[in-house]
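Right, one structure below, let's go through it.
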Amino acid sequence: MRIPCPFCGERDLTEFTYLGDANFRRPDPAGGNASETFYQAVYLRDNPAGPHDELWYHGAGCRTWLRVTRNTRTHVILAAELAKTVTPA
């Protein structure tokens with residue numbers, strides 16, 4: 001798989017580190033029923049088939065965080081942009 005970096009151009013997957021779902025929000029540990037919400041956040045996450053937004057770190061390149069939209073069925077990269085320019089969902 002090759003990921004298009006806005007600064008470095010298209011690069012091999014081995015230059016990047018995958019963080020996970022770009023839309024994940026950590027539950028509030030002080031909120032009511034915190035143990036249940038953390039259990040759901042850690043163990044019961046969705047595993048989408050199709051386009052999915054992910055965070056990738058280009059550690060072997062320009063050292064920037066990217067928000068990559070990837071089709072999880074085909075691994076085709078649909079979009080890649082700097083994570084700091086994206087407004088959280």
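Labeling convention for the structure tokens: chains A, B, ... as they appear, residues from 1 per chain, ligands from 1 in order of appearance.
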(request) Enumerate as a PyMOL selection string all residues of chain A assigned to helix (DSSP H, G or I) by DSSP on the backbone, naming them with the chain letters and numbers the document uses. (result) chain A and resi 13-15+34-43+83-85
How about saving the chosen residues, C-alpha atoms kept, as a PDB file, in the first residue's frame?
ATOM      1  CA  LEU A  13       3.359   1.993   3.963  1.00  0.00           C
ATOM      2  CA  THR A  14       6.541   1.038   5.871  1.00  0.00           C
ATOM      3  CA  GLU A  15       7.352   4.754   6.368  1.00  0.00           C
ATOM      4  CA  ALA A  34     -17.283   5.235  33.225  1.00  0.00           C
ATOM      5  CA  SER A  35     -16.320   1.560  33.368  1.00  0.00           C
ATOM      6  CA  GLU A  36     -19.107   0.613  30.951  1.00  0.00           C
ATOM      7  CA  THR A  37     -18.279   3.423  28.498  1.00  0.00           C
ATOM      8  CA  PHE A  38     -14.581   2.494  28.549  1.00  0.00           C
ATOM      9  CA  TYR A  39     -15.448  -1.172  28.013  1.00  0.00           C
ATOM     10  CA  GLN A  40     -17.516  -0.249  24.963  1.00  0.00           C
ATOM     11  CA  ALA A  41     -14.831   2.114  23.636  1.00  0.00           C
ATOM     12  CA  VAL A  42     -12.059  -0.483  23.929  1.00  0.00           C
ATOM     13  CA  TYR A  43     -13.778  -3.779  23.147  1.00  0.00           C
ATOM     14  CA  ALA A  83      -4.475  16.060  10.388  1.00  0.00           C
ATOM     15  CA  LYS A  84      -4.051  19.555  11.848  1.00  0.00           C
ATOM     16  CA  THR A  85      -6.073  21.094   9.002  1.00  0.00           C
TER      17      THR A  85
END
Residues within 8 Å of Pro51 in chain A, only C-alpha atoms, excluding chain neighbours under 2 positions, as a ChimeraX atom specification: /A:48-49,53,69-72,78
Just checking: using only C-alpha atoms, which residue out of A:Gly50, A:Gly31, A:Pro4, A:Gly61 ends up closest to Glu81 in chain A?
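Of A:Gly50, A:Gly31, A:Pro4, A:Gly61, the one nearest Glu81 in chain A is A:Pro4, counting only C-alpha atoms.
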Next on the checklist: So the first atom is CA of His58 in chain A and the second is CA of Tyr18 in chain A; what is the distance between them in Å, to one decimal place?
Outcome noted: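 Between CA of His58 in chain A and CA of Tyr18 in chain A the gap works out to 9.1 Å.
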Have a look at CA of Ile3 in chain A and CA of Arg73 in chain A and let me know their distance in Å, one decimal.
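For CA of Ile3 in chain A relative to CA of Arg73 in chain A, the distance reads 16.0 Å.
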(Q) DSSP on the backbone: which residues in chain A end up as strand (DSSP E or B)? Give the answer as a PyMOL selection string. (A) chain A and resi 2-5+9-12+17-21+51-57+65-71+77-82
Next, the residues of the selection above should be written as an mmCIF file, in the first residue's frame with N, CA and C atoms.
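That gives us result.cif:
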data_model
loop_
_atom_site.group_PDB
_atom_site.id
_atom_site.type_symbol
_atom_site.label_atom_id
_atom_site.label_comp_id
_atom_site.auth_asym_id
_atom_site.auth_seq_id
_atom_site.Cartn_x
_atom_site.Cartn_y
_atom_site.Cartn_z
ATOM 1 N N ARG A 2 0.491 2.234 -0.749
ATOM 2 C CA ARG A 2 1.231 3.482 -0.824
ATOM 3 C C ARG A 2 0.331 4.625 -0.378
ATOM 4 N N ILE A 3 0.893 5.506 0.454
ATOM 5 C CA ILE A 3 0.126 6.615 1.025
ATOM 6 C C ILE A 3 0.671 7.926 0.459
ATOM 7 N N PRO A 4 -0.218 8.783 -0.076
ATOM 8 C CA PRO A 4 0.238 10.069 -0.610
ATOM 9 C C PRO A 4 0.426 11.096 0.505
ATOM 10 N N CYS A 5 1.665 11.457 0.778
ATOM 11 C CA CYS A 5 1.969 12.472 1.790
ATOM 12 C C CYS A 5 1.931 13.848 1.114
ATOM 13 N N GLY A 9 5.127 13.347 -1.126
ATOM 14 C CA GLY A 9 4.611 12.603 -2.267
ATOM 15 C C GLY A 9 4.195 11.205 -1.845
ATOM 16 N N GLU A 10 3.953 10.356 -2.819
ATOM 17 C CA GLU A 10 3.505 8.997 -2.536
ATOM 18 C C GLU A 10 4.641 8.175 -1.934
ATOM 19 N N ARG A 11 4.363 7.537 -0.792
ATOM 20 C CA ARG A 11 5.377 6.762 -0.073
ATOM 21 C C ARG A 11 4.839 5.396 0.312
ATOM 22 N N ASP A 12 5.760 4.473 0.576
ATOM 23 C CA ASP A 12 5.401 3.119 0.972
ATOM 24 C C ASP A 12 4.854 3.104 2.396
ATOM 25 N N THR A 17 3.232 4.990 10.569
ATOM 26 C CA THR A 17 2.728 4.266 11.729
ATOM 27 C C THR A 17 1.241 4.556 11.838
ATOM 28 N N TYR A 18 0.461 3.499 11.980
ATOM 29 C CA TYR A 18 -0.994 3.609 12.068
ATOM 30 C C TYR A 18 -1.408 3.882 13.509
ATOM 31 N N LEU A 19 -2.239 4.901 13.728
ATOM 32 C CA LEU A 19 -2.742 5.177 15.070
ATOM 33 C C LEU A 19 -4.123 4.572 15.280
ATOM 34 N N GLY A 20 -5.013 4.741 14.322
ATOM 35 C CA GLY A 20 -6.354 4.184 14.469
ATOM 36 C C GLY A 20 -7.407 5.083 13.878
ATOM 37 N N ASP A 21 -8.624 4.880 14.336
ATOM 38 C CA ASP A 21 -9.790 5.607 13.870
ATOM 39 C C ASP A 21 -9.606 7.109 14.114
ATOM 40 N N PRO A 51 -15.102 2.874 3.027
ATOM 41 C CA PRO A 51 -14.320 4.070 3.353
ATOM 42 C C PRO A 51 -14.284 4.343 4.855
ATOM 43 N N HIS A 52 -13.082 4.647 5.346
ATOM 44 C CA HIS A 52 -12.876 4.846 6.781
ATOM 45 C C HIS A 52 -11.766 5.866 6.976
ATOM 46 N N ASP A 53 -11.974 6.826 7.896
ATOM 47 C CA ASP A 53 -10.953 7.839 8.202
ATOM 48 C C ASP A 53 -10.022 7.314 9.282
ATOM 49 N N GLU A 54 -8.703 7.411 9.016
ATOM 50 C CA GLU A 54 -7.683 6.895 9.933
ATOM 51 C C GLU A 54 -6.592 7.932 10.139
ATOM 52 N N LEU A 55 -5.865 7.822 11.243
ATOM 53 C CA LEU A 55 -4.707 8.673 11.506
ATOM 54 C C LEU A 55 -3.432 7.875 11.259
ATOM 55 N N TRP A 56 -2.519 8.457 10.513
ATOM 56 C CA TRP A 56 -1.226 7.847 10.193
ATOM 57 C C TRP A 56 -0.133 8.873 10.471
ATOM 58 N N TYR A 57 0.996 8.406 11.013
ATOM 59 C CA TYR A 57 2.145 9.263 11.316
ATOM 60 C C TYR A 57 3.273 8.939 10.351
ATOM 61 N N TRP A 65 1.370 14.202 10.994
ATOM 62 C CA TRP A 65 0.199 13.347 11.149
ATOM 63 C C TRP A 65 -0.721 13.585 9.974
ATOM 64 N N LEU A 66 -1.223 12.501 9.405
ATOM 65 C CA LEU A 66 -2.137 12.584 8.276
ATOM 66 C C LEU A 66 -3.473 11.958 8.630
ATOM 67 N N ARG A 67 -4.518 12.519 8.074
ATOM 68 C CA ARG A 67 -5.852 11.902 8.141
ATOM 69 C C ARG A 67 -6.070 11.279 6.769
ATOM 70 N N VAL A 68 -6.104 9.967 6.755
ATOM 71 C CA VAL A 68 -6.196 9.205 5.511
ATOM 72 C C VAL A 68 -7.564 8.548 5.431
ATOM 73 N N THR A 69 -8.225 8.720 4.297
ATOM 74 C CA THR A 69 -9.479 8.019 4.042
ATOM 75 C C THR A 69 -9.135 6.819 3.174
ATOM 76 N N ARG A 70 -9.358 5.612 3.740
ATOM 77 C CA ARG A 70 -8.967 4.369 3.079
ATOM 78 C C ARG A 70 -10.165 3.436 3.010
ATOM 79 N N ASN A 71 -10.303 2.764 1.879
ATOM 80 C CA ASN A 71 -11.326 1.746 1.742
ATOM 81 C C ASN A 71 -10.784 0.489 2.397
ATOM 82 N N ILE A 77 -6.456 4.143 -1.194
ATOM 83 C CA ILE A 77 -6.443 5.413 -0.488
ATOM 84 C C ILE A 77 -7.306 6.394 -1.275
ATOM 85 N N LEU A 78 -8.351 6.917 -0.643
ATOM 86 C CA LEU A 78 -9.269 7.837 -1.304
ATOM 87 C C LEU A 78 -8.874 9.295 -1.099
ATOM 88 N N ALA A 79 -8.226 9.601 0.028
ATOM 89 C CA ALA A 79 -7.794 10.961 0.330
ATOM 90 C C ALA A 79 -6.748 10.926 1.437
ATOM 91 N N ALA A 80 -5.895 11.938 1.446
ATOM 92 C CA ALA A 80 -4.911 12.100 2.523
ATOM 93 C C ALA A 80 -4.656 13.590 2.698
ATOM 94 N N GLU A 81 -4.763 14.049 3.944
ATOM 95 C CA GLU A 81 -4.530 15.459 4.233
ATOM 96 C C GLU A 81 -3.891 15.594 5.602
ATOM 97 N N LEU A 82 -3.312 16.745 5.870
ATOM 98 C CA LEU A 82 -2.705 16.988 7.170
ATOM 99 C C LEU A 82 -3.770 16.917 8.247
#
Checklist entry - Just how far from CA of Arg25 in chain A is CA of Cys62 in chain A, in Å to one decimal? => result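 CA of Cys62 in chain A sits 25.9 Å away from CA of Arg25 in chain A.
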